[in-house]
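Novice: Mind having a look at this structure? Questions to follow.
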Amino acid sequence: MTITSSNPADPADVVLAVEEPGAEAVRSAVLRARAAQRGWVAAGAGARSAALGRIADAIDAHAGELAALIVREVGKPLAEARGEVARTSAIWRYYAQAPYAAAGEVHETAGGPGLLLTRRRPHGVAGLIAPWNFPLAIPSWKAAPALATGNTVVLKPAPEATACALRLAELASSAGLPEDVFTVVPGGAEEGSALVGTADVVSFTGSTGVGRAVVRAATERGVPVQAELGGLNAALVLPDADIALAAEHIAAAVAGYAGQKCTATSRVIAVGAAHGPLREALVKALASVDDAVCGPVIGAAARDRLVDAVGSAVEAGATLLVGGGVPERAGWYVEPTLLADVPAEHPLAREEFFGPVAVLHAVADLDAAIELANDTPHSLATSVHTRSLDVALAAADRLDAGMIRVNAPSSGVDFHLPFGGTKGASHGEREQGRAALDFYTVGRTVSVLPGGSL
Ligand code: UN1
């Protein structure tokens, strides 16, 4: 079978076609990575830090080319693609400092001379499975902490983003990473499960269904695993909010990169008197979103699924407030869409659709808004729009999402803070920040006692 990635804005433009390498190729990449790992650890903190810093430099030096490749391969609007490239080099630079961070603690013995030490050591080979929507940033926020802590890496990118991942590996190698320390193996389900079946630590970002299977398979082998799955993210708007600004933030979170982020807003919850003005402002904001913000969705199947869901919601009694159409043009475009009166059990109100589509709910008060926001297993990111500090703090206490953003879009993350959701949205240790350094290492206890002690 051939893996083909094509331009979502112009499907006739084939970006890359490669043969699927098969499960055996993955296993042999893992074996080579395992052989390379000892030398990578032995090279020391200074060498690892310098190598990661050179990768950041290489990304900066090729920023224009990388942004253009992201635009072409996964249809991300140029401004966001540039932002992603800048974020990616910042991630490598941030983790370039990590090899020098303290790797443990010193304790006193219970009695007598000696030192008791804790120490964090790498697992071995990190098997990374990444999605297509952040084709440089997500592979990097998995690979950089894994490499910094002395693991070697085998990455299987999403087929739709194969060219971006291969280019990242090329740049890493041109920056002087030793051979087999960071390998990209293109592939689909077969290669992904071979990787989960052989790596020493597994990190996955993608759909809930595949993620659950990855977690099961890794757990069965006794291998540490983290999974970042879908989000069904809400934006809560209180009557005291700056409604015009809230509408702008929410429109960006609904339609930015066509809603193809696990942190995108798909449910807007208007509280009390916020409802009328917010509805009006949001319709206006979504109607004026253009290609520079939204862009196409990834493929024909994604577009059809969105169009069908909107159609079936309308048949079930929903009101189309804006959008809903498919522009007459090449590429997989869907208009930014807002619906009201969507039946509570309709899939559009319950499942992640990964498109520029949101559902508007009206509720009486903050309690009802929080209850509705929490009524999902996919609790990843929630935004709260209010001028009241009391409301912001109450919401931060009672919302169960992994990330709560006050007066900001639900999408957008800080790579130096932990990233992840609650309930069904995430599994295992948080990604990013220092949490990632814990995930890619395991604790050892070392007792250093004077010679001759029994
Ligand atoms: C962002 O909101 O900038 O797959 C990042 C995703 C998330 C990343 C979101 N893991 O969409």
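Numbering starts fresh at 1 for the residues of each chain in the structure tokens, the chains themselves are lettered A, B, ... in the order given, and ligands are numbered from 1 as they appear.
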Which residues are near ligand 1 - at most 10 Å, using only C-alpha atoms and all ligand atoms? Format: as number ranges by chain.
Specialist: A: 80, 83-84, 87, 130-135, 137-138, 141, 204-207, 227-231, 253, 256, 259-264, 354, 380-381, 409-415, 419-421, 431
Novice: Near range 41-54 of chain A, within 8 Å and counting only C-alpha atoms, which residues show up once chain neighbours fewer than 2 positions away are dropped, as a list in words?
Specialist: Gln37, Arg38, Gly39, Ala56, Asp57, Ala58, Trp92, Arg93, Tyr95, Ala96, Gln97, Ala98, Pro99, Tyr100, Ala144, Leu147, Ala148, Gly150, Asn151, Ala175, Gly176 and Leu177 of chain A
Novice: Please, which residues in range 147-198 of chain A fall within 12 Å of range 289-298 of chain A when counting only C-alpha atoms, and what is the closest atom pair and distance in Å to one decimal for each, ordered by chain then residue number, as JSON lines?
Specialist:
{"residue": "A:Ala158", "atom": "CA", "partner": "A:Ile298", "partner_atom": "CA", "distance": 11.7}
{"residue": "A:Pro159", "atom": "CA", "partner": "A:Ile298", "partner_atom": "CA", "distance": 11.4}
{"residue": "A:Glu160", "atom": "CA", "partner": "A:Ile298", "partner_atom": "CA", "distance": 8.1}
{"residue": "A:Ala161", "atom": "CA", "partner": "A:Ile298", "partner_atom": "CA", "distance": 10.2}
Novice: Mind listing the strand (DSSP E or B) residues of range 281-446 of chain A, per DSSP on the backbone, as a ChimeraX atom specification?
Specialist: /A:319-322,337-340,357-363,378-379,381-385,403-406,419,422-423,426-427,431,441-446
Novice: Take the residues from that selection and put them in a file with N, CA and C atoms, as an mmCIF file, in the first residue's frame.
Specialist:
data_model
loop_
_atom_site.group_PDB
_atom_site.id
_atom_site.type_symbol
_atom_site.label_atom_id
_atom_site.label_comp_id
_atom_site.auth_asym_id
_atom_site.auth_seq_id
_atom_site.Cartn_x
_atom_site.Cartn_y
_atom_site.Cartn_z
ATOM 1 N N THR A 319 -31.521 24.910 14.611
ATOM 2 C CA THR A 319 -31.604 26.142 13.819
ATOM 3 C C THR A 319 -30.195 26.512 13.355
ATOM 4 N N LEU A 320 -30.065 26.722 12.054
ATOM 5 C CA LEU A 320 -28.770 27.122 11.502
ATOM 6 C C LEU A 320 -28.644 28.636 11.645
ATOM 7 N N LEU A 321 -27.698 29.099 12.462
ATOM 8 C CA LEU A 321 -27.561 30.544 12.667
ATOM 9 C C LEU A 321 -26.617 31.164 11.649
ATOM 10 N N VAL A 322 -25.595 30.430 11.251
ATOM 11 C CA VAL A 322 -24.666 30.931 10.229
ATOM 12 C C VAL A 322 -23.928 29.729 9.640
ATOM 13 N N THR A 337 -19.629 27.446 11.010
ATOM 14 C CA THR A 337 -21.048 27.159 11.224
ATOM 15 C C THR A 337 -21.419 27.236 12.702
ATOM 16 N N LEU A 338 -22.569 27.856 12.980
ATOM 17 C CA LEU A 338 -23.100 27.884 14.350
ATOM 18 C C LEU A 338 -24.562 27.446 14.309
ATOM 19 N N LEU A 339 -24.909 26.517 15.200
ATOM 20 C CA LEU A 339 -26.287 26.025 15.271
ATOM 21 C C LEU A 339 -26.836 26.241 16.676
ATOM 22 N N ALA A 340 -28.154 26.460 16.746
ATOM 23 C CA ALA A 340 -28.827 26.509 18.053
ATOM 24 C C ALA A 340 -29.879 25.400 18.084
ATOM 25 N N VAL A 357 -17.350 23.997 13.343
ATOM 26 C CA VAL A 357 -18.782 23.928 13.649
ATOM 27 C C VAL A 357 -18.972 23.952 15.166
ATOM 28 N N ALA A 358 -19.899 24.796 15.627
ATOM 29 C CA ALA A 358 -20.193 24.838 17.065
ATOM 30 C C ALA A 358 -21.695 24.912 17.293
ATOM 31 N N VAL A 359 -22.050 24.530 18.515
ATOM 32 C CA VAL A 359 -23.439 24.500 18.934
ATOM 33 C C VAL A 359 -23.609 25.554 20.023
ATOM 34 N N LEU A 360 -24.668 26.377 19.927
ATOM 35 C CA LEU A 360 -24.913 27.418 20.942
ATOM 36 C C LEU A 360 -25.998 26.929 21.909
ATOM 37 N N HIS A 361 -25.707 27.019 23.212
ATOM 38 C CA HIS A 361 -26.685 26.683 24.247
ATOM 39 C C HIS A 361 -26.967 27.941 25.058
ATOM 40 N N ALA A 362 -28.209 28.076 25.536
ATOM 41 C CA ALA A 362 -28.536 29.167 26.460
ATOM 42 C C ALA A 362 -28.918 28.544 27.799
ATOM 43 N N VAL A 363 -28.309 29.036 28.891
ATOM 44 C CA VAL A 363 -28.652 28.516 30.218
ATOM 45 C C VAL A 363 -28.922 29.697 31.153
ATOM 46 N N HIS A 378 -15.122 14.083 27.422
ATOM 47 C CA HIS A 378 -13.951 14.626 26.708
ATOM 48 C C HIS A 378 -13.575 15.996 27.271
ATOM 49 N N SER A 379 -13.185 16.037 28.554
ATOM 50 C CA SER A 379 -12.958 17.321 29.230
ATOM 51 C C SER A 379 -11.521 17.784 29.048
ATOM 52 N N ALA A 381 -10.299 21.320 27.310
ATOM 53 C CA ALA A 381 -10.056 22.755 27.532
ATOM 54 C C ALA A 381 -11.394 23.495 27.546
ATOM 55 N N THR A 382 -11.572 24.366 28.535
ATOM 56 C CA THR A 382 -12.795 25.172 28.606
ATOM 57 C C THR A 382 -12.396 26.635 28.742
ATOM 58 N N SER A 383 -13.084 27.512 28.002
ATOM 59 C CA SER A 383 -12.818 28.942 28.202
ATOM 60 C C SER A 383 -13.984 29.563 28.963
ATOM 61 N N VAL A 384 -13.657 30.584 29.765
ATOM 62 C CA VAL A 384 -14.660 31.301 30.553
ATOM 63 C C VAL A 384 -14.483 32.776 30.257
ATOM 64 N N HIS A 385 -15.564 33.432 29.890
ATOM 65 C CA HIS A 385 -15.487 34.839 29.511
ATOM 66 C C HIS A 385 -16.298 35.652 30.511
ATOM 67 N N MET A 403 -7.689 22.019 31.228
ATOM 68 C CA MET A 403 -7.163 23.367 31.021
ATOM 69 C C MET A 403 -8.319 24.360 31.003
ATOM 70 N N ILE A 404 -8.206 25.400 31.827
ATOM 71 C CA ILE A 404 -9.263 26.402 31.929
ATOM 72 C C ILE A 404 -8.653 27.736 31.547
ATOM 73 N N ARG A 405 -9.252 28.388 30.571
ATOM 74 C CA ARG A 405 -8.656 29.631 30.045
ATOM 75 C C ARG A 405 -9.654 30.764 30.218
ATOM 76 N N VAL A 406 -9.258 31.773 30.971
ATOM 77 C CA VAL A 406 -10.151 32.880 31.282
ATOM 78 C C VAL A 406 -9.906 34.007 30.286
ATOM 79 N N PHE A 419 0.091 19.865 29.727
ATOM 80 C CA PHE A 419 -1.021 19.855 28.769
ATOM 81 C C PHE A 419 -1.751 18.528 28.884
ATOM 82 N N THR A 422 -9.057 15.710 31.392
ATOM 83 C CA THR A 422 -9.487 14.796 32.449
ATOM 84 C C THR A 422 -10.473 13.791 31.853
ATOM 85 N N LYS A 423 -10.910 12.845 32.694
ATOM 86 C CA LYS A 423 -11.853 11.792 32.289
ATOM 87 C C LYS A 423 -11.331 11.123 31.003
ATOM 88 N N SER A 426 -7.707 12.255 28.257
ATOM 89 C CA SER A 426 -6.266 11.966 28.332
ATOM 90 C C SER A 426 -6.054 10.709 29.147
ATOM 91 N N HIS A 427 -4.922 10.102 28.913
ATOM 92 C CA HIS A 427 -4.536 8.960 29.741
ATOM 93 C C HIS A 427 -3.071 9.121 30.126
ATOM 94 N N GLU A 431 1.522 15.861 29.089
ATOM 95 C CA GLU A 431 2.571 16.210 28.127
ATOM 96 C C GLU A 431 3.110 17.597 28.467
ATOM 97 N N THR A 441 11.109 9.327 31.845
ATOM 98 C CA THR A 441 12.140 8.755 32.717
ATOM 99 C C THR A 441 11.492 7.878 33.782
ATOM 100 N N VAL A 442 12.314 7.068 34.401
ATOM 101 C CA VAL A 442 11.824 6.222 35.483
ATOM 102 C C VAL A 442 12.752 6.420 36.681
ATOM 103 N N GLY A 443 12.186 6.399 37.884
ATOM 104 C CA GLY A 443 12.986 6.656 39.088
ATOM 105 C C GLY A 443 13.853 5.467 39.468
ATOM 106 N N ARG A 444 15.073 5.757 39.905
ATOM 107 C CA ARG A 444 15.952 4.721 40.470
ATOM 108 C C ARG A 444 16.371 5.212 41.845
ATOM 109 N N THR A 445 16.515 4.301 42.767
ATOM 110 C CA THR A 445 17.014 4.651 44.095
ATOM 111 C C THR A 445 18.410 4.069 44.229
ATOM 112 N N VAL A 446 19.356 4.912 44.555
ATOM 113 C CA VAL A 446 20.755 4.477 44.649
ATOM 114 C C VAL A 446 21.227 4.725 46.080
#
Novice: List as a PDB file with all heavy atoms, in the first residue's frame the protein and nucleic acid residues near Ala247 in chain A, meaning an atom at most 7 Å away when only C-alpha atoms are counted, but skip any in the same chain fewer than 2 places from it.
Specialist:
ATOM      1  N   ILE A 243     -18.568  41.285  25.517  1.00  0.00           N
ATOM      2  CA  ILE A 243     -19.197  40.329  24.587  1.00  0.00           C
ATOM      3  C   ILE A 243     -18.520  40.361  23.214  1.00  0.00           C
ATOM      4  O   ILE A 243     -18.303  39.315  22.596  1.00  0.00           O
ATOM      5  CB  ILE A 243     -20.715  40.617  24.453  1.00  0.00           C
ATOM      6  CG1 ILE A 243     -21.413  40.457  25.822  1.00  0.00           C
ATOM      7  CG2 ILE A 243     -21.356  39.737  23.389  1.00  0.00           C
ATOM      8  CD1 ILE A 243     -21.645  39.053  26.296  1.00  0.00           C
ATOM      9  N   ALA A 244     -18.155  41.557  22.756  1.00  0.00           N
ATOM     10  CA  ALA A 244     -17.535  41.644  21.424  1.00  0.00           C
ATOM     11  C   ALA A 244     -16.203  40.888  21.418  1.00  0.00           C
ATOM     12  O   ALA A 244     -15.901  40.128  20.483  1.00  0.00           O
ATOM     13  CB  ALA A 244     -17.320  43.104  21.036  1.00  0.00           C
ATOM     14  N   LEU A 245     -15.426  41.061  22.471  1.00  0.00           N
ATOM     15  CA  LEU A 245     -14.133  40.381  22.558  1.00  0.00           C
ATOM     16  C   LEU A 245     -14.328  38.867  22.719  1.00  0.00           C
ATOM     17  O   LEU A 245     -13.631  38.064  22.079  1.00  0.00           O
ATOM     18  CB  LEU A 245     -13.341  40.948  23.747  1.00  0.00           C
ATOM     19  CG  LEU A 245     -11.914  40.461  23.889  1.00  0.00           C
ATOM     20  CD1 LEU A 245     -11.089  40.874  22.680  1.00  0.00           C
ATOM     21  CD2 LEU A 245     -11.286  41.023  25.181  1.00  0.00           C
ATOM     22  N   HIS A 249     -12.827  35.897  20.334  1.00  0.00           N
ATOM     23  CA  HIS A 249     -12.037  34.754  20.829  1.00  0.00           C
ATOM     24  C   HIS A 249     -12.710  33.430  20.469  1.00  0.00           C
ATOM     25  O   HIS A 249     -12.050  32.477  20.047  1.00  0.00           O
ATOM     26  CB  HIS A 249     -11.883  34.839  22.353  1.00  0.00           C
ATOM     27  CG  HIS A 249     -10.878  35.853  22.792  1.00  0.00           C
ATOM     28  ND1 HIS A 249     -10.886  36.421  24.042  1.00  0.00           N
ATOM     29  CD2 HIS A 249      -9.828  36.406  22.156  1.00  0.00           C
ATOM     30  CE1 HIS A 249      -9.876  37.271  24.149  1.00  0.00           C
ATOM     31  NE2 HIS A 249      -9.219  37.283  23.009  1.00  0.00           N
ATOM     32  N   ILE A 250     -14.018  33.393  20.638  1.00  0.00           N
ATOM     33  CA  ILE A 250     -14.729  32.126  20.387  1.00  0.00           C
ATOM     34  C   ILE A 250     -14.717  31.807  18.888  1.00  0.00           C
ATOM     35  O   ILE A 250     -14.498  30.653  18.490  1.00  0.00           O
ATOM     36  CB  ILE A 250     -16.158  32.185  20.963  1.00  0.00           C
ATOM     37  CG1 ILE A 250     -16.081  32.284  22.499  1.00  0.00           C
ATOM     38  CG2 ILE A 250     -16.959  30.947  20.553  1.00  0.00           C
ATOM     39  CD1 ILE A 250     -17.401  32.616  23.180  1.00  0.00           C
ATOM     40  N   ALA A 251     -14.915  32.828  18.054  1.00  0.00           N
ATOM     41  CA  ALA A 251     -14.870  32.573  16.599  1.00  0.00           C
ATOM     42  C   ALA A 251     -13.507  32.007  16.213  1.00  0.00           C
ATOM     43  O   ALA A 251     -13.407  31.073  15.400  1.00  0.00           O
ATOM     44  CB  ALA A 251     -15.165  33.858  15.823  1.00  0.00           C
ATOM     45  N   LEU A 278     -24.566  37.921  22.518  1.00  0.00           N
ATOM     46  CA  LEU A 278     -23.492  37.006  22.101  1.00  0.00           C
ATOM     47  C   LEU A 278     -23.855  36.343  20.781  1.00  0.00           C
ATOM     48  O   LEU A 278     -23.023  36.230  19.871  1.00  0.00           O
ATOM     49  CB  LEU A 278     -23.244  35.933  23.167  1.00  0.00           C
ATOM     50  CG  LEU A 278     -22.170  34.924  22.753  1.00  0.00           C
ATOM     51  CD1 LEU A 278     -20.794  35.572  22.708  1.00  0.00           C
ATOM     52  CD2 LEU A 278     -22.145  33.708  23.677  1.00  0.00           C
ATOM     53  N   ALA A 281     -23.272  38.775  18.024  1.00  0.00           N
ATOM     54  CA  ALA A 281     -21.847  39.068  17.793  1.00  0.00           C
ATOM     55  C   ALA A 281     -21.125  37.858  17.199  1.00  0.00           C
ATOM     56  O   ALA A 281     -20.244  37.995  16.335  1.00  0.00           O
ATOM     57  CB  ALA A 281     -21.186  39.474  19.107  1.00  0.00           C
ATOM     58  N   LEU A 282     -21.522  36.674  17.636  1.00  0.00           N
ATOM     59  CA  LEU A 282     -20.850  35.459  17.166  1.00  0.00           C
ATOM     60  C   LEU A 282     -21.205  35.150  15.711  1.00  0.00           C
ATOM     61  O   LEU A 282     -20.348  34.737  14.918  1.00  0.00           O
ATOM     62  CB  LEU A 282     -21.269  34.305  18.091  1.00  0.00           C
ATOM     63  CG  LEU A 282     -20.349  33.123  18.236  1.00  0.00           C
ATOM     64  CD1 LEU A 282     -18.911  33.542  18.455  1.00  0.00           C
ATOM     65  CD2 LEU A 282     -20.828  32.253  19.405  1.00  0.00           C
ATOM     66  N   ALA A 285     -19.161  37.523  13.746  1.00  0.00           N
ATOM     67  CA  ALA A 285     -17.729  37.156  13.760  1.00  0.00           C
ATOM     68  C   ALA A 285     -17.481  35.923  12.891  1.00  0.00           C
ATOM     69  O   ALA A 285     -16.508  35.882  12.124  1.00  0.00           O
ATOM     70  CB  ALA A 285     -17.272  36.901  15.194  1.00  0.00           C
TER      71      ALA A 285
END
Novice: Just checking: using only C-alpha atoms, which residue out of A:Gly112, A:Gly424, A:Gly209, A:Pro356 ends up closest to Asp375 in chain A?
Specialist: A:Gly424
Novice: With a distance cut-off of 10 Å and only C-alpha atoms, select the neighbouring residues of Ala199 in chain A, excluding the residue or stretch itself and same-chain residues fewer than 6 positions from it, and output the selection as an NGL selection string.
Specialist: :A and (26-27 or 30-31 or 33-34 or 123-128 or 153-154 or 218 or 221 or 223-224)
Novice: Measuring between only C-alpha atoms, which one of A:Leu449, A:Ala143, A:Ala246, A:Val74 shows the shortest distance to Arg279 in chain A?
Specialist: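 The closest residue to Arg279 in chain A is A:Ala246.
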Novice: Using only C-alpha atoms, determine which residues lie at most 9 Å from Cys164 in chain A, disregarding the query and same-chain residues fewer than 4 positions distant; provide the list as a PyMOL selection string.
Specialist: chain A and resi 66+69-70+73+135-136+157+168-169
Novice: Report the distance between CA of Val283 in chain A and CA of Pro239 in chain A in Å, rounded to one decimal place.
Specialist: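 For CA of Val283 in chain A relative to CA of Pro239 in chain A, the distance reads 17.4 Å.
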Novice: Need to verify the contact set: Val391 in chain A, 12 Å, only C-alpha atoms, exclusion of same-chain residues closer than 4 positions in sequence. Can you return it as a list in words?
Specialist: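 Surrounding residues, per the criterion: Leu236, Val237, Leu238, Pro239, Asp240, Ala241, Val271, Asp365, Leu366, Asp367, Ala369, Ile370, Val384, His385, Thr386, Arg387, Ala395, Ala396, Asp397, Arg398, Leu399, Val406 and Asn407 of chain A.
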Novice: Next, dump the selected residues to file, keeping only N, CA and C atoms, as a PDB file, in the first residue's frame.
Specialist:
ATOM      1  N   LEU A 236     -17.775  29.352  28.047  1.00  0.00           N
ATOM      2  CA  LEU A 236     -18.849  29.879  28.899  1.00  0.00           C
ATOM      3  C   LEU A 236     -18.811  31.398  28.837  1.00  0.00           C
ATOM      4  N   VAL A 237     -19.936  32.021  28.506  1.00  0.00           N
ATOM      5  CA  VAL A 237     -19.952  33.481  28.407  1.00  0.00           C
ATOM      6  C   VAL A 237     -20.957  34.042  29.409  1.00  0.00           C
ATOM      7  N   LEU A 238     -20.438  34.842  30.346  1.00  0.00           N
ATOM      8  CA  LEU A 238     -21.273  35.430  31.392  1.00  0.00           C
ATOM      9  C   LEU A 238     -21.790  36.789  30.927  1.00  0.00           C
ATOM     10  N   PRO A 239     -22.910  37.239  31.485  1.00  0.00           N
ATOM     11  CA  PRO A 239     -23.478  38.528  31.037  1.00  0.00           C
ATOM     12  C   PRO A 239     -22.531  39.712  31.247  1.00  0.00           C
ATOM     13  N   ASP A 240     -21.610  39.607  32.213  1.00  0.00           N
ATOM     14  CA  ASP A 240     -20.712  40.752  32.471  1.00  0.00           C
ATOM     15  C   ASP A 240     -19.476  40.758  31.557  1.00  0.00           C
ATOM     16  N   ALA A 241     -19.381  39.803  30.645  1.00  0.00           N
ATOM     17  CA  ALA A 241     -18.187  39.715  29.783  1.00  0.00           C
ATOM     18  C   ALA A 241     -18.151  40.870  28.785  1.00  0.00           C
ATOM     19  N   VAL A 271     -24.780  32.482  29.230  1.00  0.00           N
ATOM     20  CA  VAL A 271     -25.471  32.528  30.524  1.00  0.00           C
ATOM     21  C   VAL A 271     -26.384  33.751  30.570  1.00  0.00           C
ATOM     22  N   ASP A 365     -27.994  30.214  34.530  1.00  0.00           N
ATOM     23  CA  ASP A 365     -26.995  30.753  35.462  1.00  0.00           C
ATOM     24  C   ASP A 365     -25.681  29.976  35.387  1.00  0.00           C
ATOM     25  N   LEU A 366     -24.728  30.445  36.186  1.00  0.00           N
ATOM     26  CA  LEU A 366     -23.392  29.845  36.155  1.00  0.00           C
ATOM     27  C   LEU A 366     -23.434  28.359  36.531  1.00  0.00           C
ATOM     28  N   ASP A 367     -24.255  28.000  37.525  1.00  0.00           N
ATOM     29  CA  ASP A 367     -24.345  26.593  37.934  1.00  0.00           C
ATOM     30  C   ASP A 367     -24.735  25.713  36.742  1.00  0.00           C
ATOM     31  N   ALA A 369     -24.401  26.405  33.623  1.00  0.00           N
ATOM     32  CA  ALA A 369     -23.347  26.438  32.597  1.00  0.00           C
ATOM     33  C   ALA A 369     -22.240  25.447  32.947  1.00  0.00           C
ATOM     34  N   ILE A 370     -21.867  25.413  34.220  1.00  0.00           N
ATOM     35  CA  ILE A 370     -20.789  24.504  34.632  1.00  0.00           C
ATOM     36  C   ILE A 370     -21.252  23.049  34.507  1.00  0.00           C
ATOM     37  N   VAL A 384     -13.657  30.584  29.765  1.00  0.00           N
ATOM     38  CA  VAL A 384     -14.660  31.301  30.553  1.00  0.00           C
ATOM     39  C   VAL A 384     -14.483  32.776  30.257  1.00  0.00           C
ATOM     40  N   HIS A 385     -15.564  33.432  29.890  1.00  0.00           N
ATOM     41  CA  HIS A 385     -15.487  34.839  29.511  1.00  0.00           C
ATOM     42  C   HIS A 385     -16.298  35.652  30.511  1.00  0.00           C
ATOM     43  N   THR A 386     -15.606  36.439  31.306  1.00  0.00           N
ATOM     44  CA  THR A 386     -16.246  37.221  32.370  1.00  0.00           C
ATOM     45  C   THR A 386     -15.303  38.340  32.805  1.00  0.00           C
ATOM     46  N   ARG A 387     -15.884  39.404  33.408  1.00  0.00           N
ATOM     47  CA  ARG A 387     -15.025  40.422  34.016  1.00  0.00           C
ATOM     48  C   ARG A 387     -14.912  40.206  35.524  1.00  0.00           C
ATOM     49  N   ALA A 395     -15.310  29.201  38.519  1.00  0.00           N
ATOM     50  CA  ALA A 395     -15.281  28.324  37.348  1.00  0.00           C
ATOM     51  C   ALA A 395     -14.013  27.468  37.363  1.00  0.00           C
ATOM     52  N   ALA A 396     -12.887  28.092  37.720  1.00  0.00           N
ATOM     53  CA  ALA A 396     -11.625  27.332  37.757  1.00  0.00           C
ATOM     54  C   ALA A 396     -11.699  26.212  38.795  1.00  0.00           C
ATOM     55  N   ASP A 397     -12.469  26.431  39.873  1.00  0.00           N
ATOM     56  CA  ASP A 397     -12.637  25.376  40.887  1.00  0.00           C
ATOM     57  C   ASP A 397     -13.536  24.255  40.402  1.00  0.00           C
ATOM     58  N   ARG A 398     -14.593  24.618  39.690  1.00  0.00           N
ATOM     59  CA  ARG A 398     -15.667  23.635  39.475  1.00  0.00           C
ATOM     60  C   ARG A 398     -15.696  23.030  38.084  1.00  0.00           C
ATOM     61  N   LEU A 399     -15.023  23.639  37.136  1.00  0.00           N
ATOM     62  CA  LEU A 399     -14.963  23.011  35.806  1.00  0.00           C
ATOM     63  C   LEU A 399     -14.004  21.839  35.900  1.00  0.00           C
ATOM     64  N   VAL A 406      -9.258  31.773  30.971  1.00  0.00           N
ATOM     65  CA  VAL A 406     -10.151  32.880  31.282  1.00  0.00           C
ATOM     66  C   VAL A 406      -9.906  34.007  30.286  1.00  0.00           C
ATOM     67  N   ASN A 407     -10.975  34.424  29.629  1.00  0.00           N
ATOM     68  CA  ASN A 407     -10.915  35.507  28.626  1.00  0.00           C
ATOM     69  C   ASN A 407      -9.883  35.234  27.539  1.00  0.00           C
TER      70      ASN A 407
END
Novice: Using only C-alpha atoms, can you tell me which of A:Ser140, A:Glu371, A:Phe353, A:Ile269 comes closest to Ala302 in chain A?
Specialist: A:Phe353
Novice: Determine the nearest neighbour of Val225 in chain A from the options A:Ala270, A:Asp242, A:Asp200, A:Val185, counting only C-alpha atoms.
Specialist: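 When distances to Val225 in chain A are compared using only C-alpha atoms, the smallest one comes from A:Asp200.
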